[in-house]
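Novice: My structure is stored as model_24.json, with JSON, C-alpha atoms.
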[["chain", "number", "residue", "atom", "x", "y", "z"],
["I", 1, "MET", "CA", -52.63, 219.02, 131.19],
["I", 2, "SER", "CA", -54.30, 217.22, 128.29],
["I", 3, "ARG", "CA", -52.47, 215.97, 125.22],
["I", 4, "ASN", "CA", -54.20, 218.55, 122.97],
["I", 5, "THR", "CA", -53.15, 221.39, 125.26],
["I", 6, "LYS", "CA", -49.52, 220.23, 125.13],
["I", 7, "ILE", "CA", -49.62, 219.99, 121.32],
["I", 8, "ASN", "CA", -51.17, 223.48, 121.06],
["I", 9, "LEU", "CA", -48.51, 224.96, 123.35],
["I", 10, "VAL", "CA", -45.70, 223.35, 121.32],
["I", 11, "LEU", "CA", -47.22, 224.64, 118.06],
["I", 12, "LEU", "CA", -47.58, 228.12, 119.55],
["I", 13, "ALA", "CA", -43.92, 228.05, 120.65],
["I", 14, "VAL", "CA", -42.82, 226.98, 117.15],
["I", 15, "VAL", "CA", -44.81, 229.79, 115.52],
["I", 16, "ALA", "CA", -43.38, 232.33, 117.97],
["I", 17, "ALA", "CA", -39.87, 231.05, 117.28],
["I", 18, "LEU", "CA", -40.40, 231.33, 113.53],
["I", 19, "ALA", "CA", -41.49, 234.94, 113.97],
["I", 20, "VAL", "CA", -38.83, 236.04, 116.47],
["I", 21, "LEU", "CA", -35.69, 234.09, 115.51],
["I", 22, "PRO", "CA", -35.02, 235.80, 112.14],
["I", 23, "LEU", "CA", -35.22, 239.19, 113.87],
["I", 24, "ALA", "CA", -33.17, 238.12, 116.89],
["I", 25, "LEU", "CA", -30.45, 236.48, 114.80],
["I", 26, "GLY", "CA", -30.19, 239.49, 112.50],
["I", 27, "LEU", "CA", -30.96, 237.54, 109.35],
["I", 28, "GLY", "CA", -31.20, 239.92, 106.44],
["I", 29, "ASP", "CA", -29.24, 242.75, 108.06],
["I", 30, "HIS", "CA", -26.94, 242.91, 105.02],
["I", 31, "ARG", "CA", -29.85, 243.75, 102.69],
["I", 32, "LYS", "CA", -31.46, 247.11, 101.93],
["I", 33, "GLU", "CA", -34.94, 245.61, 102.50],
["I", 34, "PRO", "CA", -34.34, 242.57, 104.69],
["I", 35, "PHE", "CA", -37.74, 240.88, 104.60],
["I", 36, "THR", "CA", -39.17, 241.45, 101.14],
["I", 37, "GLY", "CA", -41.72, 239.09, 99.68],
["I", 38, "ALA", "CA", -41.02, 236.21, 97.32],
["I", 39, "ASP", "CA", -42.28, 238.22, 94.33],
["I", 40, "ALA", "CA", -39.72, 240.98, 94.89],
["I", 41, "GLN", "CA", -36.92, 238.46, 95.42],
["I", 42, "ALA", "CA", -37.85, 236.62, 92.21],
["I", 43, "GLU", "CA", -37.93, 239.90, 90.29],
["I", 44, "THR", "CA", -34.47, 240.79, 91.59],
["I", 45, "ALA", "CA", -33.07, 237.37, 90.66],
["I", 46, "ILE", "CA", -34.54, 237.52, 87.15],
["I", 47, "THR", "CA", -33.20, 241.04, 86.59],
["I", 48, "GLU", "CA", -29.73, 239.92, 87.67],
["I", 49, "LEU", "CA", -29.80, 236.88, 85.33],
["I", 50, "ASP", "CA", -31.34, 238.64, 82.32],
["I", 51, "PRO", "CA", -31.37, 242.48, 82.48],
["I", 52, "GLY", "CA", -33.43, 242.76, 79.27],
["I", 53, "TYR", "CA", -36.27, 240.53, 80.49],
["I", 54, "GLU", "CA", -39.77, 241.87, 79.79],
["I", 55, "PRO", "CA", -42.61, 240.53, 81.99],
["I", 56, "TRP", "CA", -45.45, 238.81, 80.14],
["I", 57, "PHE", "CA", -48.16, 240.38, 82.28],
["I", 58, "SER", "CA", -48.59, 243.50, 84.33],
["I", 59, "PRO", "CA", -50.55, 243.77, 87.60],
["I", 60, "LEU", "CA", -54.24, 244.67, 87.33],
["I", 61, "TYR", "CA", -53.85, 247.09, 90.25],
["I", 62, "GLU", "CA", -50.62, 248.59, 91.54],
["I", 63, "PRO", "CA", -51.09, 250.00, 95.08],
["I", 64, "PRO", "CA", -49.65, 253.48, 95.57],
["I", 65, "SER", "CA", -47.48, 252.41, 98.55],
["I", 66, "GLY", "CA", -46.07, 249.36, 100.28],
["I", 67, "GLU", "CA", -48.25, 249.98, 103.32],
["I", 68, "ILE", "CA", -51.43, 249.75, 101.25],
["I", 69, "GLU", "CA", -50.12, 246.61, 99.58],
["I", 70, "SER", "CA", -49.44, 245.08, 103.00],
["I", 71, "ALA", "CA", -52.89, 246.09, 104.23],
["I", 72, "LEU", "CA", -54.55, 244.49, 101.20],
["I", 73, "PHE", "CA", -52.53, 241.31, 101.74],
["I", 74, "ALA", "CA", -53.55, 241.22, 105.42],
["I", 75, "LEU", "CA", -57.18, 241.76, 104.43],
["I", 76, "GLN", "CA", -56.95, 238.90, 101.95],
["I", 77, "ALA", "CA", -55.45, 236.63, 104.65],
["I", 78, "ALA", "CA", -58.16, 237.63, 107.15],
["I", 79, "ILE", "CA", -60.95, 236.90, 104.67],
["I", 80, "GLY", "CA", -59.39, 233.52, 103.87],
["I", 81, "ALA", "CA", -59.05, 232.67, 107.57],
["I", 82, "GLY", "CA", -62.67, 233.70, 108.14],
["I", 83, "VAL", "CA", -63.91, 231.47, 105.32],
["I", 84, "LEU", "CA", -61.92, 228.51, 106.65],
["I", 85, "ALA", "CA", -63.09, 229.11, 110.24],
["I", 86, "TYR", "CA", -66.71, 229.32, 109.07],
["I", 87, "TYR", "CA", -66.39, 226.08, 107.07],
["I", 88, "PHE", "CA", -64.80, 224.10, 109.92],
["I", 89, "GLY", "CA", -67.24, 225.55, 112.47],
["I", 90, "LEU", "CA", -70.16, 224.61, 110.24],
["I", 91, "ARG", "CA", -68.86, 221.05, 109.86],
["I", 92, "ARG", "CA", -68.35, 220.68, 113.59],
["I", 93, "GLY", "CA", -71.79, 222.09, 114.37],
["I", 94, "ARG", "CA", -73.46, 219.72, 111.92],
["I", 95, "ARG", "CA", -71.59, 216.74, 113.37],
["I", 96, "GLN", "CA", -72.58, 217.70, 116.91],
["I", 97, "GLY", "CA", -76.19, 218.16, 115.80],
["I", 98, "GLU", "CA", -76.22, 214.73, 114.18],
["I", 99, "GLU", "CA", -74.78, 213.16, 117.33],
["I", 100, "ARG", "CA", -77.43, 214.83, 119.50],
["I", 101, "ALA", "CA", -80.21, 213.79, 117.13],
["I", 102, "ALA", "CA", -78.94, 210.20, 117.14],
["I", 103, "ALA", "CA", -78.77, 210.19, 120.95],
["I", 104, "ARG", "CA", -82.31, 211.56, 121.22],
["I", 105, "GLN", "CA", -83.58, 209.02, 118.72],
["I", 106, "GLN", "CA", -81.90, 206.20, 120.64],
["I", 107, "ALA", "CA", -83.40, 207.50, 123.90],
["I", 108, "ALA", "CA", -86.84, 207.75, 122.29],
["I", 109, "ASP", "CA", -86.54, 204.17, 120.99],
["I", 110, "GLY", "CA", -86.02, 202.95, 124.56],
["I", 111, "GLY", "CA", -82.26, 202.99, 124.75],
["I", 112, "ALA", "CA", -80.59, 203.83, 128.02],
["I", 113, "VAL", "CA", -78.27, 206.41, 126.49],
["I", 114, "GLY", "CA", -79.48, 210.01, 126.61],
["I", 115, "VAL", "CA", -78.12, 213.41, 125.75],
["I", 116, "PRO", "CA", -75.72, 214.62, 128.49],
["I", 117, "GLY", "CA", -77.26, 217.38, 130.57],
["I", 118, "GLU", "CA", -80.87, 216.46, 129.69],
["I", 119, "SER", "CA", -83.27, 214.67, 131.95],
["I", 120, "PRO", "CA", -85.29, 211.80, 130.39],
["I", 121, "ALA", "CA", -88.46, 213.94, 130.55],
["I", 122, "GLU", "CA", -86.84, 216.72, 128.48],
["I", 123, "GLY", "CA", -85.53, 214.34, 125.80],
["I", 124, "ALA", "CA", -88.88, 212.69, 125.09]]
Reformat the file's structure so that it appears as structure tokens.

Specialist:
Amino acid sequence: MSRNTKINLVLLAVVAALAVLPLALGLGDHRKEPFTGADAQAETAITELDPGYEPWFSPLYEPPSGEIESALFALQAAIGAGVLAYYFGLRRGRRQGEERAAARQQAADGGAVGVPGESPAEGA
């Protein structure tokens, strides 16, 4: 097993543990809504400290239900992951293309190094 495979398996196990352990250990069982977001927790803490607090801003759009809010958040995360995946894939593809072009150029200049998987007749 390669080093990268071992690292990926360890990272996968850590992510799974972070997702499962709070549920398995019963963290948040004493709360009405055990796993609310940071915004809701901050709002609760502010209300407890200063009951007369008035927010400076109001949301531009208030979803009609928590399910729609969760769906919009998941959509936002998916779009962000897609943009990042596209960017890193583009960078990797460009780097691989540059490496192949450099190998072909070196082979054309008379170097002994060619592109793996290509015969010398195909590279010229």

Novice: Using atom CA of Gln41 of chain I and atom CA of Glu67 of chain I as the two end points, give the distance in Å to one decimal.

Specialist: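 Rounded to one decimal, the two atoms are 18.0 Å apart.
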
Novice: How many Å lie between atom CA of Tyr53 of chain I and atom CA of Ala38 of chain I, rounded to one decimal?

Specialist: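 Computing the Euclidean distance for atom CA of Tyr53 of chain I and atom CA of Ala38 of chain I yields 18.0 Å.
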
Novice: Compare I:Ser65, I:Ser70, I:Thr5, I:Ser58 by their minimum atom-to-atom distance to Gly37 of chain I, counting only C-alpha atoms, and give me the closest one.

Specialist: I:Ser70

Novice: Under the rule that all atoms listed in the file are counted, which of I:Gly89, I:Gly66, I:Gly80, I:Pro51 is the nearest residue to Thr36 of chain I?

Specialist: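 Checking each of I:Gly89, I:Gly66, I:Gly80, I:Pro51 against Thr36 of chain I, counting all atoms listed in the file, the winner is I:Gly66.
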
Novice: Could you work out how far atom CA of Asn4 of chain I lies from atom CA of Arg92 of chain I, giving the answer in Å with one decimal?

Specialist: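 Result for atom CA of Arg92 of chain I versus atom CA of Asn4 of chain I: 17.1 Å, one decimal.
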